[in-house]
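Colleague: You'll find work.cif just under this line, and it carries mmCIF, C-alpha atoms.
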```
data_upload
loop_
_atom_site.label_atom_id
_atom_site.label_comp_id
_atom_site.auth_asym_id
_atom_site.auth_seq_id
_atom_site.Cartn_x
_atom_site.Cartn_y
_atom_site.Cartn_z
CA VAL A 785 0.00 0.00 0.00
CA LYS A 786 2.81 2.37 0.89
CA SER A 787 4.59 1.71 -2.41
CA GLY A 788 1.37 2.29 -4.31
CA CYS A 789 0.80 5.60 -2.54
CA PHE A 790 4.39 6.60 -3.25
CA GLN A 791 4.04 5.80 -6.93
CA THR A 792 0.79 7.74 -7.07
CA ALA A 793 2.45 10.75 -5.45
CA MET A 794 5.35 10.54 -7.87
CA ALA A 795 2.98 10.40 -10.83
CA MET A 796 1.06 13.40 -9.54
CA GLY A 797 4.31 15.29 -9.03
CA LEU A 798 5.46 14.58 -12.59
CA THR A 799 2.07 15.59 -13.95
CA SER A 800 2.09 18.88 -12.03
CA LYS A 801 5.66 19.57 -13.17
CA LYS A 802 4.74 18.99 -16.81
CA SER A 803 1.67 21.17 -16.41
CA SER A 804 3.74 23.95 -14.85
CA SER A 805 6.36 23.88 -17.62
CA ARG A 806 3.58 23.86 -20.21
CA ASN A 807 1.94 26.90 -18.61
CA ILE A 808 5.25 28.78 -18.51
CA GLY A 809 5.84 28.00 -22.20
CA VAL A 810 2.35 29.22 -23.11
CA GLU A 811 2.96 32.45 -21.17
CA ARG A 812 6.18 33.08 -23.09
CA LYS A 813 4.52 32.40 -26.42
CA ASN A 814 1.52 34.61 -25.66
CA LEU A 815 3.60 37.56 -24.48
CA ILE A 816 6.02 37.45 -27.44
CA THR A 817 3.13 37.11 -29.94
CA VAL A 818 1.19 39.99 -28.40
CA CYS A 819 4.33 42.11 -28.31
CA ARG A 820 4.88 41.49 -32.02
CA PHE A 821 1.30 42.58 -32.75
CA SER A 822 1.70 45.65 -30.54
CA VAL A 823 4.91 46.78 -32.29
CA LYS A 824 3.29 46.23 -35.67
CA THR A 825 0.27 48.31 -34.60
CA LEU A 826 2.51 51.14 -33.43
CA LEU A 827 4.36 51.16 -36.75
CA GLU A 828 1.11 51.18 -38.71
CA LYS A 829 -0.51 53.93 -36.62
CA TYR A 830 2.54 56.17 -36.60
CA THR A 831 2.33 59.43 -38.55
CA ALA A 832 4.54 62.50 -38.57
CA GLU A 833 3.36 63.47 -35.08
CA PRO A 834 5.13 61.95 -32.04
CA ILE A 835 3.38 59.31 -29.96
CA ASP A 836 2.64 60.19 -26.33
CA ASP A 837 0.86 58.69 -23.31
CA SER A 838 -2.55 59.40 -24.80
CA SER A 839 -2.07 56.71 -27.44
CA GLU A 840 -3.89 53.49 -26.58
CA GLU A 841 -1.46 51.53 -28.74
CA PHE A 842 1.51 52.77 -26.71
CA ILE A 843 -0.23 52.19 -23.36
CA ASN A 844 -0.85 48.60 -24.36
CA PHE A 845 2.72 48.18 -25.65
CA ALA A 846 4.16 49.54 -22.39
CA ALA A 847 2.01 47.10 -20.40
CA ILE A 848 3.12 44.18 -22.58
CA LEU A 849 6.81 45.08 -22.27
CA GLU A 850 6.43 45.46 -18.50
CA HIS A 851 4.90 41.98 -18.31
CA ILE A 852 7.73 40.55 -20.44
CA LEU A 853 10.44 42.10 -18.28
CA SER A 854 8.60 40.88 -15.15
CA HIS A 855 8.04 37.32 -16.42
CA ARG A 856 9.44 34.81 -13.90
CA PHE A 857 11.13 37.65 -12.00
CA LYS A 858 12.45 36.44 -8.65
CA GLY A 859 10.34 37.03 -5.52
CA PRO A 860 9.23 40.39 -4.13
CA GLY A 861 11.17 42.27 -1.53
CA GLY A 862 14.85 42.98 -1.27
CA TRP A 863 17.34 44.99 0.69
CA PHE A 864 18.37 47.01 -2.37
CA SER A 865 14.84 48.15 -3.26
CA SER A 866 13.72 51.49 -1.82
CA ASP A 867 10.04 50.55 -1.54
CA GLY A 868 10.59 46.96 -0.41
CA GLN A 869 9.26 45.60 -3.72
CA ARG A 870 11.55 44.31 -6.41
CA SER A 871 10.76 44.97 -10.05
CA PHE A 872 12.54 44.73 -13.38
CA TRP A 873 14.04 48.17 -12.73
CA ASP A 874 16.44 46.65 -10.19
CA TYR A 875 17.69 44.33 -12.95
CA ILE A 876 17.88 47.08 -15.61
CA ARG A 877 19.71 49.40 -13.24
CA LEU A 878 22.57 46.91 -12.84
CA ALA A 879 22.60 45.19 -16.23
CA CYS A 880 22.45 48.42 -18.28
CA SER A 881 25.01 50.36 -16.26
CA LYS A 882 27.66 49.63 -18.94
CA VAL A 883 25.65 51.32 -21.70
CA HIS A 884 27.46 54.42 -22.95
CA ASN A 885 25.71 57.66 -21.90
CA ASN A 886 22.89 55.73 -20.22
CA CYS A 887 19.87 57.34 -18.55
CA ILE A 888 20.06 55.32 -15.31
CA SER A 889 21.38 58.14 -13.14
CA SER A 890 18.88 60.60 -14.62
CA ILE A 891 15.94 58.38 -13.71
CA GLU A 892 17.32 57.80 -10.22
CA SER A 893 17.48 61.55 -9.65
CA ILE A 894 13.85 62.28 -10.60
CA GLU A 895 12.16 63.58 -7.46
CA ASN A 896 8.52 62.64 -8.03
CA ILE A 897 9.37 58.99 -8.91
CA SER A 898 10.18 56.93 -5.84
CA THR A 899 8.96 53.36 -6.34
CA SER A 900 10.89 50.75 -8.28
CA ARG A 901 7.98 50.04 -10.64
CA ALA A 902 7.56 53.74 -11.46
CA LYS A 903 11.26 54.04 -12.25
CA GLY A 904 10.99 51.06 -14.59
CA ARG A 905 8.10 52.68 -16.44
CA ALA A 906 10.03 55.93 -16.69
CA TRP A 907 13.00 54.04 -18.11
CA ILE A 908 10.83 52.52 -20.87
CA ARG A 909 9.67 55.99 -21.92
CA VAL A 910 13.11 57.60 -21.77
CA ALA A 911 14.66 54.73 -23.75
CA LEU A 912 11.97 55.09 -26.43
CA MET A 913 12.56 58.84 -26.65
CA GLU A 914 16.30 58.16 -26.97
CA LYS A 915 15.57 55.49 -29.64
CA ARG A 916 17.80 53.07 -27.70
CA LEU A 917 15.36 50.61 -26.12
CA SER A 918 16.68 47.70 -28.19
CA GLU A 919 20.27 48.61 -27.27
CA TYR A 920 19.45 48.64 -23.56
CA VAL A 921 17.74 45.23 -23.69
CA ALA A 922 20.54 43.68 -25.80
CA THR A 923 23.19 44.96 -23.37
CA ALA A 924 21.25 43.59 -20.40
CA LEU A 925 20.95 40.17 -22.05
CA ARG A 926 24.72 40.00 -22.60
CA ASP A 927 25.19 40.18 -18.83
CA THR A 928 24.09 36.59 -18.30
CA ARG A 929 25.31 36.45 -14.71
CA THR A 930 23.09 39.34 -13.61
CA THR A 931 20.17 38.02 -15.67
CA ARG A 932 20.28 34.61 -13.95
CA ARG A 933 20.51 36.38 -10.63
CA PHE A 934 17.18 38.15 -11.14
CA TYR A 935 15.13 35.62 -13.16
CA ASP A 936 13.97 32.06 -12.53
CA ASP A 937 14.30 29.25 -15.03
CA GLY A 938 11.82 29.51 -17.87
CA ALA A 939 11.78 33.31 -17.95
CA ILE A 940 11.65 35.06 -21.32
CA MET A 941 14.88 36.89 -20.53
CA LEU A 942 16.67 33.53 -20.18
CA ARG A 943 15.31 31.95 -23.37
CA GLU A 944 15.78 32.47 -27.10
CA GLU A 945 12.61 34.58 -27.16
CA ALA A 946 14.66 37.42 -25.67
CA THR A 947 16.70 37.66 -28.89
CA VAL A 948 13.44 37.86 -30.85
CA LEU A 949 12.33 40.66 -28.53
CA THR A 950 15.44 42.77 -29.25
CA GLY A 951 14.86 42.32 -32.99
CA MET A 952 11.28 43.53 -32.67
CA LEU A 953 12.26 46.58 -30.63
CA ILE A 954 14.68 47.81 -33.33
CA GLY A 955 11.76 48.95 -35.48
CA LEU A 956 10.59 51.36 -32.76
CA SER A 957 13.69 53.46 -33.38
CA THR A 958 11.95 54.90 -36.46
CA ILE A 959 9.12 56.34 -34.35
CA ASP A 960 9.26 59.65 -32.49
CA PHE A 961 7.99 59.50 -28.90
CA SER A 962 7.23 62.34 -26.50
CA PHE A 963 6.32 61.67 -22.87
CA CYS A 964 5.82 63.62 -19.67
CA LEU A 965 7.43 61.77 -16.78
CA LYS A 966 4.74 62.83 -14.30
CA GLY A 967 1.20 61.88 -13.47
CA GLU A 968 -0.74 58.79 -12.51
CA VAL A 969 0.79 56.63 -15.24
CA LEU A 970 4.10 56.43 -13.38
CA ASP A 971 2.75 56.03 -9.86
CA GLY A 972 3.78 52.38 -9.75
CA LYS A 973 1.01 51.44 -7.32
CA THR A 974 -1.11 49.41 -9.71
CA PRO A 975 0.16 46.73 -12.09
CA ALA A 976 -0.20 47.22 -15.83
CA VAL A 977 -3.04 45.38 -17.58
CA ILE A 978 -2.80 44.12 -21.16
CA ASP A 979 -5.74 44.68 -23.51
CA TYR A 980 -5.89 41.65 -25.82
CA THR A 981 -9.02 42.64 -27.74
CA PRO A 982 -7.26 44.60 -30.53
CA TYR A 983 -5.25 41.52 -31.46
CA LEU A 984 -8.03 38.92 -31.35
CA LYS A 985 -9.46 37.73 -34.66
CA PHE A 986 -12.10 34.99 -34.65
CA THR A 987 -12.38 32.75 -37.69
CA GLN A 988 -15.48 30.56 -38.08
CA SER A 989 -14.54 26.91 -38.18
CA TYR A 990 -16.69 23.96 -39.24
CA ASP A 991 -14.45 21.22 -37.99
CA TYR A 992 -17.42 19.52 -36.34
CA LEU A 993 -18.89 18.81 -39.83
CA SER A 994 -17.67 15.50 -41.15
CA ASP A 995 -18.42 15.95 -44.81
CA GLU A 996 -17.11 18.65 -47.11
CA GLU A 997 -20.48 18.88 -48.81
CA ASP A 998 -22.07 19.80 -45.49
CA ARG A 999 -19.54 22.58 -45.06
CA ARG A 1000 -20.19 23.90 -48.52
CA SER A 1001 -23.92 23.85 -47.87
CA VAL A 1002 -23.44 25.84 -44.68
CA ASP A 1003 -21.26 28.38 -46.47
CA SER A 1004 -23.74 28.71 -49.32
CA SER A 1005 -26.65 29.10 -46.93
CA ALA A 1006 -24.82 31.73 -44.96
CA SER A 1007 -24.04 33.64 -48.13
CA ASP A 1008 -27.65 33.33 -49.31
CA GLU A 1009 -28.93 34.65 -46.01
CA SER A 1010 -26.62 37.63 -46.16
CA VAL A 1011 -27.69 38.42 -49.69
CA ALA A 1012 -31.38 38.06 -48.84
CA GLU A 1013 -30.98 40.33 -45.87
CA HIS A 1014 -29.27 43.03 -47.93
CA PRO A 1015 -30.30 42.37 -51.51
CA TYR A 1016 -29.31 45.64 -53.08
CA ILE A 1017 -26.98 47.56 -50.68
CA PRO A 1018 -23.30 46.50 -50.93
CA LEU A 1019 -21.37 46.62 -47.68
CA VAL A 1020 -18.20 48.19 -49.14
CA THR A 1021 -17.90 49.78 -52.56
CA ASP A 1022 -14.95 49.13 -54.82
CA GLU A 1023 -13.80 52.76 -54.63
CA GLU A 1024 -13.65 52.70 -50.83
CA THR A 1025 -11.84 49.39 -50.88
CA TRP A 1026 -9.18 50.61 -53.29
CA SER A 1027 -8.79 53.93 -51.51
CA ASN A 1028 -8.31 52.17 -48.19
CA LYS A 1029 -5.77 49.82 -49.73
CA CYS A 1030 -3.89 52.72 -51.27
CA ARG A 1031 -3.89 54.59 -47.98
CA LYS A 1032 -2.57 51.55 -46.10
CA MET A 1033 0.06 50.90 -48.73
CA GLU A 1034 1.17 54.53 -48.56
CA GLN A 1035 1.46 54.39 -44.78
CA ARG A 1036 3.35 51.12 -44.98
CA PHE A 1037 5.69 52.58 -47.58
CA LYS A 1038 6.43 55.55 -45.30
CA ILE A 1039 7.17 53.25 -42.38
CA ILE A 1040 9.42 51.00 -44.45
CA HIS A 1041 11.19 54.03 -45.91
CA ALA A 1042 11.79 55.41 -42.41
CA GLN A 1043 13.06 52.04 -41.22
CA LYS A 1044 15.31 51.80 -44.26
CA GLY A 1045 16.81 55.22 -43.51
CA TYR A 1046 17.38 54.28 -39.89
CA LEU A 1047 19.03 50.98 -40.81
CA GLU A 1048 21.25 52.70 -43.38
CA GLU A 1049 22.30 55.24 -40.77
CA LEU A 1050 22.98 52.38 -38.34
CA VAL A 1051 25.10 50.60 -40.96
CA ARG A 1052 27.10 53.77 -41.61
CA LEU A 1053 27.66 54.17 -37.90
CA ARG A 1054 28.86 50.58 -37.56
CA GLU A 1055 31.16 50.99 -40.58
CA SER A 1056 32.72 54.10 -39.09
CA GLN A 1057 33.17 52.29 -35.77
CA LEU A 1058 34.76 49.37 -37.62
CA LYS A 1059 37.17 51.71 -39.41
CA ASN A 1060 38.12 53.31 -36.11
CA VAL A 1061 38.73 49.90 -34.58
CA GLU A 1062 40.86 48.82 -37.55
CA THR A 1063 42.89 52.03 -37.34
CA GLU A 1064 43.41 51.54 -33.62
CA ASN A 1065 44.39 47.93 -34.25
CA LYS A 1066 47.00 48.98 -36.82
CA ARG A 1067 48.36 51.61 -34.45
CA LEU A 1068 48.67 49.05 -31.67
CA ASP A 1069 50.39 46.59 -34.03
CA ALA A 1070 52.92 49.24 -35.05
CA LYS A 1071 53.51 50.13 -31.43
CA LEU A 1072 53.98 46.46 -30.58
CA GLU A 1073 56.57 46.04 -33.34
CA GLU A 1074 58.36 49.19 -32.17
CA LEU A 1075 58.46 47.88 -28.61
CA GLN A 1076 59.80 44.54 -29.81
CA VAL A 1077 62.60 46.25 -31.76
CA GLN A 1078 63.38 48.43 -28.77
CA SER A 1079 63.47 45.42 -26.46
CA GLN A 1080 65.85 43.60 -28.81
CA GLN A 1081 68.14 46.65 -28.93
CA GLU A 1082 68.10 46.96 -25.15
CA LYS A 1083 68.88 43.24 -24.88
CA LYS A 1084 71.92 43.63 -27.13
CA GLU A 1085 73.10 46.67 -25.13
CA LEU A 1086 72.76 44.76 -21.88
CA GLU A 1087 74.72 41.83 -23.31
CA ALA A 1088 77.51 44.22 -24.39
CA ILE A 1089 77.57 45.80 -20.93
CA ILE A 1090 77.77 42.36 -19.30
CA LEU A 1091 80.70 41.36 -21.52
CA GLU A 1092 82.48 44.63 -20.78
CA LEU A 1093 81.99 44.19 -17.04
CA GLN A 1094 83.31 40.63 -17.26
CA ALA A 1095 86.42 41.87 -19.11
CA GLN A 1096 87.00 44.60 -16.54
CA LEU A 1097 86.58 42.11 -13.70
CA TYR A 1098 89.08 39.75 -15.35
CA ALA A 1099 91.61 42.55 -15.86
CA HIS A 1100 91.21 43.77 -12.28
CA THR A 1101 91.65 40.26 -10.91
CA LEU A 1102 94.77 39.70 -13.05
CA SER A 1103 96.35 42.98 -12.01
CA HIS A 1104 95.63 42.21 -8.36
CA LEU A 1105 97.28 38.81 -8.68
CA LEU A 1106 100.34 40.33 -10.39
CA LEU A 1107 100.65 42.98 -7.70
CA THR A 1108 100.42 40.35 -4.95
CA HIS A 1109 103.04 38.19 -6.68
CA ASN A 1110 105.50 41.07 -7.10
CA THR A 1111 105.03 42.11 -3.48
CA ILE A 1112 105.78 38.59 -2.25
CA MET A 1113 108.85 38.37 -4.50
CA PHE A 1114 110.20 41.68 -3.23
CA GLU A 1115 109.80 40.72 0.43
CA TYR A 1116 111.31 37.31 -0.23
CA ARG A 1117 114.47 38.74 -1.82
CA LEU A 1118 114.86 41.26 0.99
CA LEU A 1119 114.74 38.44 3.48
CA LEU A 1120 117.33 36.47 1.53
CA ASN A 1121 119.78 39.38 1.81
CA ALA A 1122 119.14 40.00 5.54
CA PRO A 1123 122.38 40.48 7.70
CA LEU A 1124 121.55 37.92 10.33
CA LEU A 1125 120.38 34.48 9.39
CA SER A 1126 119.00 34.07 12.88
CA SER A 1127 116.80 37.11 12.47
CA PRO A 1128 113.17 36.63 13.47
CA LEU A 1129 112.20 37.55 9.93
CA LEU A 1130 113.69 34.29 8.68
CA SER A 1131 111.32 32.34 10.89
CA SER A 1132 108.33 34.24 9.55
CA PRO A 1133 105.38 32.20 8.21
CA LEU A 1134 105.91 33.98 4.94
CA LEU A 1135 109.10 31.94 4.34
CA SER A 1136 107.20 28.70 4.94
CA SER A 1137 104.58 29.59 2.37
CA PRO A 1138 104.16 27.19 -0.59
CA LEU A 1139 104.81 30.09 -2.92
CA LEU A 1140 108.45 30.25 -1.74
CA SER A 1141 109.04 26.67 -2.74
CA SER A 1142 107.50 27.04 -6.18
CA PRO A 1143 109.61 26.75 -9.39
CA LEU A 1144 108.76 30.36 -10.09
CA LEU A 1145 110.70 31.60 -7.05
CA SER A 1146 113.54 29.20 -7.62
CA SER A 1147 113.95 30.34 -11.18
CA ALA A 1148 113.78 33.95 -10.11
CA LYS A 1149 116.44 33.23 -7.49
CA ASP A 1150 118.72 31.62 -10.03
CA ASN A 1151 118.35 34.44 -12.55
CA THR A 1152 119.02 37.15 -9.92
CA PRO A 1153 122.63 38.20 -9.30
CA SER A 1154 123.91 37.31 -5.88
CA MET A 1155 123.94 40.17 -3.43
CA LEU A 1156 125.96 38.48 -0.71
CA GLY A 1157 129.29 39.41 -2.22
CA LEU A 1158 128.26 42.99 -2.74
CA CYS A 1159 126.73 43.59 0.66
CA GLY A 1160 129.28 41.73 2.74
CA SER A 1161 128.74 42.10 6.43
CA LEU A 1162 125.72 44.24 7.19
CA ALA A 1163 127.15 45.01 10.62
CA SER A 1164 130.06 47.04 9.19
CA LEU A 1165 129.79 50.72 8.36
CA PRO A 1166 130.36 50.36 4.59
CA SER A 1167 127.63 47.78 4.46
CA CYS A 1168 125.15 50.40 5.70
CA LYS A 1169 126.08 52.56 2.76
CA SER A 1170 125.64 49.58 0.47
CA LEU A 1171 122.04 49.23 1.71
CA ALA A 1172 121.25 52.76 0.54
CA SER A 1173 122.81 52.00 -2.80
CA LEU A 1174 120.69 48.80 -3.07
CA LYS A 1175 117.43 50.74 -2.75
CA SER A 1176 118.28 52.90 -5.73
CA SER A 1177 119.69 50.15 -7.89
CA GLU A 1178 118.18 48.99 -11.15
CA TYR A 1179 117.96 45.52 -9.73
CA LEU A 1180 115.13 46.46 -7.33
CA VAL A 1181 113.34 48.35 -10.07
CA ASN A 1182 113.43 45.31 -12.33
CA ILE A 1183 112.08 43.12 -9.54
CA SER A 1184 109.05 45.41 -8.89
CA THR A 1185 108.14 46.05 -12.55
CA GLU A 1186 108.90 42.86 -14.47
CA PRO A 1187 105.89 40.49 -14.64
CA SER A 1188 106.48 36.87 -14.00
CA PRO A 1189 105.89 34.40 -16.82
CA ALA A 1190 104.58 31.84 -14.36
CA LEU A 1191 101.21 33.71 -13.85
CA SER A 1192 99.46 33.64 -17.17
CA PRO A 1193 95.80 34.43 -17.80
CA SER A 1194 95.18 30.79 -18.36
#
```
Would it be possible to restate this file's structure as structure tokens?
Modeller:
Amino acid sequence: VKSGCFQTAMAMGLTSKKSSSRNIGVERKNLITVCRFSVKTLLEKYTAEPIDDSSEEFINFAAILEHILSHRFKGPGGWFSSDGQRSFWDYIRLACSKVHNNCISSIESIENISTSRAKGRAWIRVALMEKRLSEYVATALRDTRTTRRFYDDGAIMLREEATVLTGMLIGLSTIDFSFCLKGEVLDGKTPAVIDYTPYLKFTQSYDYLSDEEDRRSVDSSASDESVAEHPYIPLVTDEETWSNKCRKMEQRFKIIHAQKGYLEELVRLRESQLKNVETENKRLDAKLEELQVQSQQEKKELEAIILELQAQLYAHTLSHLLLTHNTIMFEYRLLLNAPLLSSPLLSSPLLSSPLLSSPLLSSAKDNTPSMLGLCGSLASLPSCKSLASLKSSEYLVNISTEPSPALSPS
């Protein structure tokens, strides 16, 4: 029994879900169809004079657009709404903030409009007067993250019908609108109501008749009755019919001509924008090439500087080594010619250095003339004079200036 009840509940849940999705789909279809009829009516009724709030066609169009923008809008109330009621204006205010020279701040600063719904209605009128309603809606739809934040699944703004809506609204850019943003129309207290009667057209159907002959008989009888009722007075004369057709064709030609001019102007604008973008792209490419050449030149300069610094470091290190070698050689030869072999200098750590036992020093010692015979005893008086003569001799100069072949750069 429990399983049967569970299955029954599941079946009822699936049925209600299908019914709900079907109802949402019908709502979308009805609103888009009525909006198409409303836009077409506005284009047909438009003359040289601007359309204002007194036009029944516009009042109905504004109500339809308000219902479309409010379709499946997420629940009422919110911390960011001034009147505690959320409306499509809260979505438009965020999603259309990236539109260039938008009217959002202007509508927010209007004093006599305080509710969110009233601001949304004012935005529809201002966008129509600016001839940018389609641009606003298209920009809002591109912000998919904000759109999903404000609308539930199944909303028109989240489906492909939204793209159809932007295409329909482009035609309204050929119409001049003039509105006063005051009065009871923008109070926002009462919801807008759509009048469907101008768009309803009933066609008599005889589907309940099974035979075509029966249908023909009904049609013939209906025509006979109409002729018998009015045997000699025609309902519409040929002249009136042709004059009405000519008038409608003339109006339609004016509308199409105005739309053509608007679209041509829009194409010229897009072409100029494309040229500007191409020019900017070329400029950026040239700048990029210039920066690449400059970076390559700077790289070469840095490599040359690095090589020069390495050469200077090598030369400095070599000169330091040569100076250290000559200093050691000079001190070593002085110690060899010291007067007392028991002098503390002879027991210096310098004499026990590995450098003193190298072949370099031994060869230098062999090639140097012996000074023992010249100096003699350093304790005698003449030997003191010989020390002064040693300091000025060419021998010491050669020792301090001649580089040793043992220390090569390798």
Colleague: Could you spell out the hits of the PyMOL selection byres ((chain A and resi 970-987) around 9) on the shown file, as an NGL selection string?
Modeller: :A and (818 or 821-822 or 843-848 or 850-851 or 896-906 or 965-969 or 988-989)
Colleague: Quick one: residues within 8 Å of region 806-814 of chain A, all atoms listed in the file, excluding same-chain residues fewer than 6 positions away - as a list in words?
Modeller: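 So the residues in contact are Gly938, Ala939, Ile940 and Glu945 of chain A.
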Colleague: I would like the residues chosen by the PyMOL selection byres ((chain A and resi 959) around 8) on the shown file; could you give them as a list of chain:residue names?
Modeller: A:Leu827, A:Tyr830, A:Pro834, A:Ile835, A:Gly955, A:Leu956, A:Ser957, A:Thr958, A:Asp960, A:Phe961
Colleague: Could you write out as a list in words the residues that the PyMOL selection byres ((chain A and resi 934) around 9) matches in the shown file?
Modeller: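 Output of the PyMOL selection byres ((chain A and resi 934) around 9): Arg856, Phe857, Lys858, Gly859, Phe872, Asp874, Tyr875, Thr930, Thr931, Arg932, Arg933, Tyr935 and Asp936 of chain A.
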Colleague: Would you mind telling me which residue in A:Ile1090, A:Ile1039, A:Leu849, A:Leu1075 lies nearest to Leu826 (chain A) when using only C-alpha atoms?
Modeller: A:Ile1039
